[in-house]
$ cat upload31.csv   # CSV, C-alpha atoms
chain,number,residue,atom,x,y,z
P,1,MET,CA,-13.3,-19.4,15.3
P,2,ASP,CA,-13.0,-20.2,11.6
P,3,ARG,CA,-13.6,-24.0,11.1
P,4,HIS,CA,-11.1,-24.1,8.3
P,5,ILE,CA,-8.2,-22.8,10.5
P,6,THR,CA,-6.1,-25.4,12.3
P,7,PRO,CA,-6.2,-24.9,16.1
P,8,SER,CA,-3.1,-22.9,17.3
P,9,ALA,CA,-2.3,-21.8,13.7
P,10,THR,CA,-0.2,-18.6,13.7
P,11,ALA,CA,-0.1,-15.5,11.7
P,12,ILE,CA,2.9,-13.2,11.2
P,13,ILE,CA,2.3,-9.5,10.8
P,14,VAL,CA,5.2,-7.4,9.6
P,15,ASP,CA,5.1,-3.8,10.7
P,16,GLY,CA,1.6,-3.9,12.0
P,17,TYR,CA,1.2,-0.2,12.3
P,18,SER,CA,-1.3,2.0,10.5
P,19,THR,CA,-4.4,0.0,9.7
P,20,GLY,CA,-2.4,-3.2,10.3
P,21,LYS,CA,-2.8,-2.5,14.0
P,22,PHE,CA,-6.3,-3.8,13.8
P,23,TYR,CA,-5.1,-7.2,12.6
P,24,PRO,CA,-4.4,-9.0,16.0
P,25,ALA,CA,-8.0,-8.8,17.3
P,26,ALA,CA,-9.4,-9.9,14.0
P,27,LEU,CA,-6.9,-12.8,13.7
P,28,ARG,CA,-7.6,-14.0,17.2
P,29,LYS,CA,-11.3,-14.1,16.3
P,30,LYS,CA,-10.4,-16.4,13.5
P,31,GLY,CA,-8.5,-18.6,15.9
P,32,LEU,CA,-5.0,-17.5,14.8
P,33,ARG,CA,-2.2,-16.6,17.2
P,34,PRO,CA,-0.7,-13.3,16.0
P,35,THR,CA,3.1,-12.7,16.0
P,36,HIS,CA,4.6,-9.3,15.2
P,37,VAL,CA,7.8,-8.8,13.3
P,38,ALA,CA,9.4,-5.3,12.9
P,39,SER,CA,11.2,-5.1,9.6
P,40,GLY,CA,13.8,-2.7,10.9
P,41,THR,CA,13.1,-0.2,8.1
P,42,GLU,CA,12.1,2.4,10.7
P,43,LYS,CA,15.8,2.6,11.8
P,44,HIS,CA,16.4,4.8,8.7
P,45,SER,CA,14.0,7.5,9.9
P,46,PRO,CA,14.2,8.9,13.4
P,47,GLY,CA,10.6,10.2,13.3
P,48,LEU,CA,9.3,6.8,12.1
P,49,ALA,CA,11.4,5.0,14.7
P,50,ALA,CA,9.8,7.0,17.5
P,51,CYS,CA,6.4,6.5,16.1
P,52,THR,CA,6.8,2.7,15.7
P,53,ALA,CA,8.3,2.4,19.2
P,54,GLN,CA,5.2,4.0,20.6
P,55,ALA,CA,2.9,1.8,18.5
P,56,ILE,CA,4.7,-1.3,19.7
P,57,GLU,CA,4.2,-0.2,23.3
P,58,HIS,CA,0.5,0.1,22.7
P,59,MET,CA,0.3,-3.3,20.9
P,60,ARG,CA,2.4,-5.2,23.5
P,61,HIS,CA,-0.6,-7.2,24.7
P,62,ASP,CA,-2.1,-7.8,21.3
P,63,TYR,CA,0.5,-10.3,20.1
P,64,GLU,CA,1.8,-13.6,21.3
P,65,ALA,CA,5.4,-12.8,20.3
P,66,PHE,CA,7.4,-9.8,19.1
P,67,PHE,CA,10.6,-9.8,16.9
P,68,GLN,CA,12.5,-6.6,16.6
P,69,ASP,CA,14.6,-5.7,13.5
P,70,TRP,CA,14.9,-9.3,12.2
P,71,GLN,CA,17.8,-10.4,10.1
P,72,ASP,CA,17.9,-14.0,11.1
P,73,ASN,CA,14.6,-15.8,10.4
P,74,ARG,CA,15.4,-18.9,12.4
P,75,PRO,CA,14.1,-17.6,15.8
P,76,ILE,CA,10.9,-16.5,14.1
P,77,GLY,CA,10.5,-20.0,12.5
P,78,ARG,CA,11.2,-21.7,15.9
P,79,THR,CA,8.7,-19.5,17.7
P,80,GLN,CA,6.1,-20.1,15.0
P,81,SER,CA,6.6,-23.8,15.5
P,82,LEU,CA,6.2,-23.6,19.3
P,83,LEU,CA,3.1,-21.4,19.0
P,84,ARG,CA,1.6,-23.8,16.4
P,85,HIS,CA,2.2,-26.8,18.7
P,86,GLY,CA,0.8,-24.9,21.8
P,87,ARG,CA,4.1,-25.0,23.6
P,88,VAL,CA,4.1,-21.2,24.3
D,1,MET,CA,1.0,-10.2,6.0
D,2,ALA,CA,2.3,-6.7,5.8
D,3,GLY,CA,0.8,-4.3,8.3
D,4,CYS,CA,1.9,-1.1,6.5
D,5,GLU,CA,3.9,0.1,3.5
D,6,ILE,CA,7.4,-0.3,5.1
D,7,GLY,CA,6.7,-4.0,5.7
D,8,VAL,CA,5.7,-5.0,2.1
D,9,GLU,CA,9.2,-6.2,0.9
D,10,ARG,CA,10.1,-7.8,4.2
D,11,THR,CA,6.8,-9.7,4.3
D,12,ASP,CA,7.6,-11.2,0.9
D,13,GLN,CA,11.1,-12.1,2.0
D,14,LEU,CA,10.0,-13.6,5.3
D,15,ALA,CA,7.3,-15.7,3.7
D,16,SER,CA,9.8,-17.0,1.2
D,17,ARG,CA,12.4,-17.9,3.8
D,18,LEU,CA,9.9,-19.6,6.1
D,19,GLY,CA,8.0,-21.4,3.4
D,20,LEU,CA,4.8,-19.6,4.2
D,21,PRO,CA,2.1,-18.4,1.7
D,22,GLY,CA,3.0,-15.0,0.3
D,23,ASN,CA,3.8,-12.9,-2.7
D,24,ASP,CA,6.9,-13.6,-4.7
D,25,ALA,CA,9.9,-11.8,-3.3
D,26,ALA,CA,11.4,-11.6,-6.8
D,27,THR,CA,8.6,-9.3,-7.9
D,28,SER,CA,8.4,-7.1,-4.7
D,29,HIS,CA,9.6,-4.1,-6.6
D,30,ARG,CA,6.5,-4.1,-8.7
D,31,ARG,CA,4.5,-3.4,-5.5
D,32,ARG,CA,6.8,-0.7,-4.1
D,33,ASP,CA,8.4,1.2,-7.0
D,34,LYS,CA,5.8,3.4,-8.8
D,35,LEU,CA,7.7,3.3,-12.1
D,36,ALA,CA,7.9,-0.5,-12.1
D,37,MET,CA,4.2,-0.6,-11.3
D,38,HIS,CA,3.2,1.3,-14.4
D,39,ASP,CA,5.8,-0.4,-16.6
D,40,THR,CA,4.4,-3.7,-15.5
D,41,LEU,CA,0.8,-2.8,-16.3
D,42,ALA,CA,1.9,-1.4,-19.7
D,43,ALA,CA,3.7,-4.7,-20.4
D,44,ALA,CA,0.5,-6.6,-19.5
D,45,GLY,CA,-1.5,-4.5,-21.9
D,46,LEU,CA,-3.4,-2.7,-19.2
D,47,PRO,CA,-4.1,1.0,-19.0
D,48,SER,CA,-1.2,2.8,-17.3
D,49,LEU,CA,0.2,6.3,-17.0
D,50,ALA,CA,3.2,7.5,-19.0
D,51,SER,CA,6.0,7.9,-16.4
D,52,LEU,CA,9.6,8.8,-16.1
D,53,ALA,CA,12.0,8.4,-13.2
D,54,THR,CA,14.9,10.9,-13.3
D,55,ASP,CA,17.4,12.9,-11.3
D,56,ASP,CA,17.5,15.7,-13.9
D,57,PRO,CA,14.9,18.4,-13.8
D,58,GLU,CA,15.5,19.3,-17.4
D,59,ALA,CA,14.8,15.7,-18.4
D,60,ALA,CA,11.6,15.9,-16.4
D,61,ILE,CA,10.6,19.0,-18.3
D,62,ALA,CA,11.4,17.5,-21.7
D,63,PHE,CA,9.3,14.4,-20.8
D,64,ALA,CA,6.4,16.6,-19.6
D,65,ALA,CA,6.5,18.7,-22.8
D,66,GLY,CA,6.3,15.4,-24.7
D,67,LEU,CA,3.0,14.6,-22.9
D,68,ASP,CA,1.6,17.9,-24.2
D,69,SER,CA,-0.8,18.0,-21.3
D,70,TRP,CA,-0.5,20.0,-18.0
D,71,PRO,CA,-0.5,19.6,-15.1
D,72,VAL,CA,1.8,16.6,-14.6
D,73,VAL,CA,2.3,14.8,-11.4
D,74,LEU,CA,5.6,14.7,-9.5
D,75,LYS,CA,6.1,12.2,-6.7
D,76,PRO,CA,8.7,10.1,-4.9
D,77,LEU,CA,9.3,6.7,-6.4
D,78,ARG,CA,8.8,4.8,-3.2
D,79,SER,CA,6.6,6.5,-0.6
D,80,ALA,CA,3.0,6.6,0.4
D,81,ALA,CA,0.2,8.7,2.0
D,82,THR,CA,0.5,11.3,-0.7
D,83,GLU,CA,3.9,12.4,0.7
D,84,GLY,CA,5.8,14.7,-1.7
D,85,VAL,CA,3.1,14.5,-4.4
D,86,CYS,CA,2.8,17.7,-6.4
D,87,PHE,CA,0.7,18.8,-9.4
D,88,CYS,CA,2.9,21.0,-11.7
D,89,ARG,CA,1.1,23.3,-14.1
D,90,SER,CA,4.1,24.6,-16.0
D,91,PRO,CA,7.8,23.8,-16.7
D,92,GLU,CA,8.8,26.3,-14.1
D,93,GLU,CA,6.6,24.7,-11.4
D,94,LEU,CA,8.0,21.3,-12.4
D,95,ARG,CA,11.6,22.5,-12.2
D,96,THR,CA,11.0,24.0,-8.8
D,97,ALA,CA,9.2,20.9,-7.5
D,98,CYS,CA,11.9,18.6,-8.8
D,99,LEU,CA,14.6,20.6,-7.1
D,100,GLY,CA,12.6,20.6,-4.0
D,101,LEU,CA,12.1,16.8,-3.9
D,102,LEU,CA,15.4,15.5,-5.2
D,103,GLY,CA,17.8,14.6,-2.5
D,104,THR,CA,15.2,14.8,0.3
D,105,VAL,CA,14.5,11.8,2.6
D,106,SER,CA,11.1,10.2,2.6
D,107,GLN,CA,9.0,9.5,5.7
D,108,PHE,CA,10.4,6.0,5.4
D,109,GLY,CA,14.0,7.2,5.6
D,110,GLU,CA,14.8,6.6,1.9
D,111,ARG,CA,16.6,9.2,-0.1
D,112,ASN,CA,14.8,10.5,-3.2
D,113,ALA,CA,17.7,10.1,-5.5
D,114,ARG,CA,15.3,10.1,-8.5
D,115,VAL,CA,11.7,11.5,-8.8
D,116,LEU,CA,8.8,10.2,-10.8
D,117,VAL,CA,7.2,12.5,-13.4
D,118,GLN,CA,3.9,11.2,-14.5
D,119,GLN,CA,1.0,11.9,-16.8
D,120,CYS,CA,-1.9,13.3,-14.7
D,121,ALA,CA,-5.1,11.2,-14.7
D,122,VAL,CA,-8.3,13.3,-14.4
D,123,GLY,CA,-11.5,11.8,-13.1
D,124,ARG,CA,-12.9,10.3,-9.9
D,125,GLU,CA,-10.4,8.6,-7.7
D,126,PHE,CA,-11.2,5.3,-5.9
D,127,ALA,CA,-9.5,3.0,-3.5
D,128,VAL,CA,-10.2,-0.7,-4.1
D,129,ASN,CA,-9.3,-2.8,-1.1
D,130,THR,CA,-8.9,-6.6,-1.6
D,131,VAL,CA,-7.8,-9.8,-0.1
D,132,SER,CA,-6.2,-12.6,-2.1
D,133,ARG,CA,-5.4,-16.2,-1.7
D,134,ASN,CA,-3.7,-18.4,-4.2
D,135,GLY,CA,-4.3,-15.7,-6.9
D,136,ARG,CA,-8.1,-15.5,-6.2
D,137,HIS,CA,-9.1,-12.0,-5.3
D,138,VAL,CA,-12.0,-10.8,-3.2
D,139,LEU,CA,-13.2,-7.2,-2.8
D,140,SER,CA,-13.3,-6.2,0.8
D,141,ASP,CA,-14.3,-2.5,0.5
D,142,LEU,CA,-14.4,0.3,-2.0
D,143,TRP,CA,-13.9,4.0,-1.2
D,144,GLU,CA,-14.1,7.2,-3.3
D,145,TYR,CA,-11.6,9.9,-2.5
D,146,HIS,CA,-12.3,13.6,-2.6
D,147,LYS,CA,-9.2,15.7,-2.7
D,148,ILE,CA,-8.6,19.4,-3.0
D,149,PRO,CA,-5.4,21.1,-4.1
D,150,THR,CA,-3.4,23.1,-1.7
D,151,PRO,CA,-1.9,26.5,-2.9
D,152,GLY,CA,1.4,24.7,-3.4
D,153,GLY,CA,-0.1,22.2,-5.7
D,154,ALA,CA,-0.2,19.2,-3.3
D,155,PRO,CA,-3.4,17.2,-3.1
D,156,LEU,CA,-5.2,17.3,0.3
D,157,TYR,CA,-7.7,14.6,1.4
D,158,ASP,CA,-11.0,16.4,1.9
D,159,ARG,CA,-13.1,13.3,2.6
D,160,THR,CA,-13.2,9.6,1.8
D,161,MET,CA,-16.6,8.0,1.3
D,162,LEU,CA,-17.4,4.3,1.4
D,163,VAL,CA,-19.2,3.1,-1.7
D,164,ARG,CA,-22.1,1.2,-0.3
D,165,VAL,CA,-23.9,0.3,-3.6
D,166,LEU,CA,-22.0,-1.1,-6.5
D,167,GLY,CA,-23.0,0.1,-10.0
D,168,SER,CA,-21.6,-0.8,-13.4
D,169,GLU,CA,-18.9,1.9,-13.2
D,170,HIS,CA,-17.7,0.3,-10.0
D,171,GLN,CA,-17.6,-3.2,-11.6
D,172,ALA,CA,-15.3,-1.9,-14.3
D,173,LEU,CA,-13.0,-0.6,-11.5
D,174,ILE,CA,-13.1,-3.9,-9.7
D,175,ASP,CA,-12.4,-5.9,-12.9
D,176,TYR,CA,-9.4,-3.6,-13.7
D,177,ALA,CA,-8.2,-3.8,-10.1
D,178,PHE,CA,-8.2,-7.6,-10.2
D,179,GLN,CA,-6.3,-7.5,-13.5
D,180,ALA,CA,-3.8,-5.1,-12.0
D,181,LEU,CA,-3.3,-7.5,-9.0
D,182,ASP,CA,-2.5,-10.3,-11.4
D,183,ALA,CA,0.0,-8.2,-13.3
D,184,LEU,CA,1.6,-6.9,-10.1
D,185,ASP,CA,1.8,-10.5,-8.8
D,186,ILE,CA,-0.2,-9.9,-5.7
D,187,SER,CA,-1.6,-13.4,-5.1
D,188,PHE,CA,-1.8,-13.5,-1.3
D,189,GLY,CA,-2.9,-11.1,1.4
D,190,PRO,CA,-4.4,-7.6,1.5
D,191,ALA,CA,-3.9,-5.1,-1.2
D,192,HIS,CA,-4.9,-1.4,-1.6
D,193,ILE,CA,-5.3,-0.2,-5.2
D,194,GLU,CA,-5.8,3.5,-6.0
D,195,ILE,CA,-7.5,4.0,-9.4
D,196,MET,CA,-8.7,7.0,-11.3
D,197,LEU,CA,-11.9,6.5,-13.2
D,198,THR,CA,-11.3,8.7,-16.3
D,199,ASP,CA,-13.4,9.4,-19.4
D,200,ARG,CA,-11.4,6.6,-21.0
D,201,GLY,CA,-12.0,4.1,-18.2
D,202,PRO,CA,-10.1,3.1,-15.1
D,203,VAL,CA,-6.3,3.6,-14.8
D,204,LEU,CA,-4.0,2.9,-11.9
D,205,ILE,CA,-2.6,5.6,-9.7
D,206,GLU,CA,-0.7,3.2,-7.5
D,207,ALA,CA,-1.1,-0.1,-5.7
D,208,ALA,CA,0.3,-1.7,-2.6
D,209,GLY,CA,0.5,-5.2,-1.1
D,210,ARG,CA,-0.8,-4.1,2.3
D,211,PRO,CA,-4.1,-2.9,3.9
D,212,MET,CA,-5.3,0.7,3.3
D,213,GLY,CA,-3.4,3.0,5.5
D,214,CYS,CA,-4.5,6.2,7.2
D,215,ALA,CA,-5.0,4.5,10.6
D,216,PHE,CA,-8.7,5.2,10.7
D,217,PRO,CA,-9.9,5.2,14.3
D,218,GLN,CA,-11.3,1.7,14.6
D,219,ASP,CA,-14.7,2.8,15.9
D,220,LEU,CA,-15.1,5.2,12.9
D,221,LEU,CA,-14.1,2.5,10.5
D,222,LEU,CA,-16.5,0.0,12.0
D,223,VAL,CA,-19.4,2.5,11.7
D,224,ALA,CA,-18.4,3.3,8.1
D,225,VAL,CA,-18.5,-0.4,7.0
D,226,LYS,CA,-21.5,-1.3,9.1
D,227,PRO,CA,-24.1,-2.8,6.7
D,228,VAL,CA,-27.0,-0.6,5.8
D,229,PRO,CA,-30.3,-2.6,6.0
D,230,GLY,CA,-31.6,-3.4,2.6
D,231,GLN,CA,-28.2,-2.9,0.9
D,232,ARG,CA,-25.8,-5.6,-0.2
$ encode --input "upload31.csv" --output "structure tokens"
Amino acid sequence: MDRHITPSATAIIVDGYSTGKFYPAALRKKGLRPTHVASGTEKHSPGLAACTAQAIEHMRHDYEAFFQDWQDNRPIGRTQSLLRHGRV
Amino acid sequence: MAGCEIGVERTDQLASRLGLPGNDAATSHRRRDKLAMHDTLAAAGLPSLASLATDDPEAAIAFAAGLDSWPVVLKPLRSAATEGVCFCRSPEELRTACLGLLGTVSQFGERNARVLVQQCAVGREFAVNTVSRNGRHVLSDLWEYHKIPTPGGAPLYDRTMLVRVLGSEHQALIDYAFQALDALDISFGPAHIEIMLTDRGPVLIEAAGRPMGCAFPQDLLLVAVKPVPGQR
């Protein structure tokens, strides 16, 4: 764990596909709790949507929380707060 | 942090809304729109490529004729992974490529209502990968691309080699990359900057506020970046 990182600090990854799929393990090593947010951009492309759905299935255990197609940031903020305070 | 190209703008917006460290959402377009990218570098006095965004093949041809140098590059304004990129060696090839790309939908589901026509940079192409915090940039890894043309004029990745030993030419690349990061307002998180090292020095191909793509198998990536004894 990185000594400079606050215990239970969180990190948000938006669309952690491609090389970004390697982030959760690296972040955990640093002592961060990874949260995944899907931007919803994939909705505009059927091929991409299928691809990201499959990726999310593979990543399901890598993250502490998932948010699909976010429009309202309040639930994300609330969850970040709960994760940060060790309540999740 | 953005995990891939489609997340770049949303990452900026989310960081802004939640009050988290991030890149300024007001300048996101500099990091996604390839015309804005080069306009920004030019305004900052950095080497850039002459570029035009248009929906008119004849305007594209007139612009290319003004460059007085073939081939020219045709590409979508907002895509990645070399999608839709074409080297056009004549006005006829450019017209055909424009008509083929205009109105299509990118891999990210965005309609190519305009296309980017760009001066072709010739040299050795590198990918400079960085991480930034509070505007301070750190090089994470440097790769040299080797591409070969397909019969249709599209570039095809042949191989990508990790640069294990940094020489003076690489330092010039890195210095230019860091200046480009400042101009593009990338002050936080990972970035991937593709640069051509030409006879006249480094010039940006494109940049992104995200990690390098390509989804290398992780074991291959780890082997590639494993330190070699005796090398820094």
$ interface_residues --input "upload31.csv" --of "chain D" --to "chain P" --cutoff "7 Å" --atoms "all atoms listed in the file" --output "PyMOL selection string"
chain D and resi 1-4+6-7+10-11+18+107-109+211-216
$ residues_around --input "upload31.csv" --residues "Phe87 of chain D" --least-positions-apart "3" --cutoff "6 Å" --atoms "only C-alpha atoms" --output "tab-separated table (two decimals) with C-alpha atoms, keeping the file's coordinate frame"
chain	number	residue	atom	x	y	z
D	71	PRO	CA	-0.50	19.60	-15.10
D	72	VAL	CA	1.80	16.60	-14.60
D	73	VAL	CA	2.30	14.80	-11.40
D	153	GLY	CA	-0.10	22.20	-5.70
$ atom_distance --input "upload31.csv" --atom1 "atom CA of Tyr145 of chain D" --atom2 "atom CA of Ile205 of chain D"
12.3 Å
$ atom_distance --input "upload31.csv" --atom1 "atom CA of Val122 of chain D" --atom2 "atom CA of Ala180 of chain D"
19.1 Å
$ residues_around --input "upload31.csv" --residues "Ala53 of chain D" --least-positions-apart "6" --cutoff "8 Å" --atoms "all atoms listed in the file" --output "PDB file with C-alpha atoms, in the frame of the given file"
ATOM      1  CA  LEU D  35       7.700   3.300 -12.100  1.00  0.00           C
ATOM      2  CA  LEU D  77       9.300   6.700  -6.400  1.00  0.00           C
ATOM      3  CA  ARG D 114      15.300  10.100  -8.500  1.00  0.00           C
ATOM      4  CA  VAL D 115      11.700  11.500  -8.800  1.00  0.00           C
ATOM      5  CA  LEU D 116       8.800  10.200 -10.800  1.00  0.00           C
ATOM      6  CA  VAL D 117       7.200  12.500 -13.400  1.00  0.00           C
TER       7      VAL D 117
END
$ residues_around --input "upload31.csv" --residues "Asp185 of chain D" --least-positions-apart "3" --cutoff "10 Å" --atoms "all atoms listed in the file" --output "mmCIF file with C-alpha atoms, in the coordinates of the input"
data_model
loop_
_atom_site.group_PDB
_atom_site.id
_atom_site.type_symbol
_atom_site.label_atom_id
_atom_site.label_comp_id
_atom_site.auth_asym_id
_atom_site.auth_seq_id
_atom_site.Cartn_x
_atom_site.Cartn_y
_atom_site.Cartn_z
ATOM 1 C CA ASN D 23 3.800 -12.900 -2.700
ATOM 2 C CA ASP D 24 6.900 -13.600 -4.700
ATOM 3 C CA ALA D 25 9.900 -11.800 -3.300
ATOM 4 C CA ALA D 26 11.400 -11.600 -6.800
ATOM 5 C CA THR D 27 8.600 -9.300 -7.900
ATOM 6 C CA SER D 28 8.400 -7.100 -4.700
ATOM 7 C CA ARG D 30 6.500 -4.100 -8.700
ATOM 8 C CA ARG D 31 4.500 -3.400 -5.500
ATOM 9 C CA THR D 40 4.400 -3.700 -15.500
ATOM 10 C CA GLY D 135 -4.300 -15.700 -6.900
ATOM 11 C CA GLN D 179 -6.300 -7.500 -13.500
ATOM 12 C CA ALA D 180 -3.800 -5.100 -12.000
ATOM 13 C CA LEU D 181 -3.300 -7.500 -9.000
ATOM 14 C CA ASP D 182 -2.500 -10.300 -11.400
ATOM 15 C CA PHE D 188 -1.800 -13.500 -1.300
ATOM 16 C CA GLY D 209 0.500 -5.200 -1.100
#
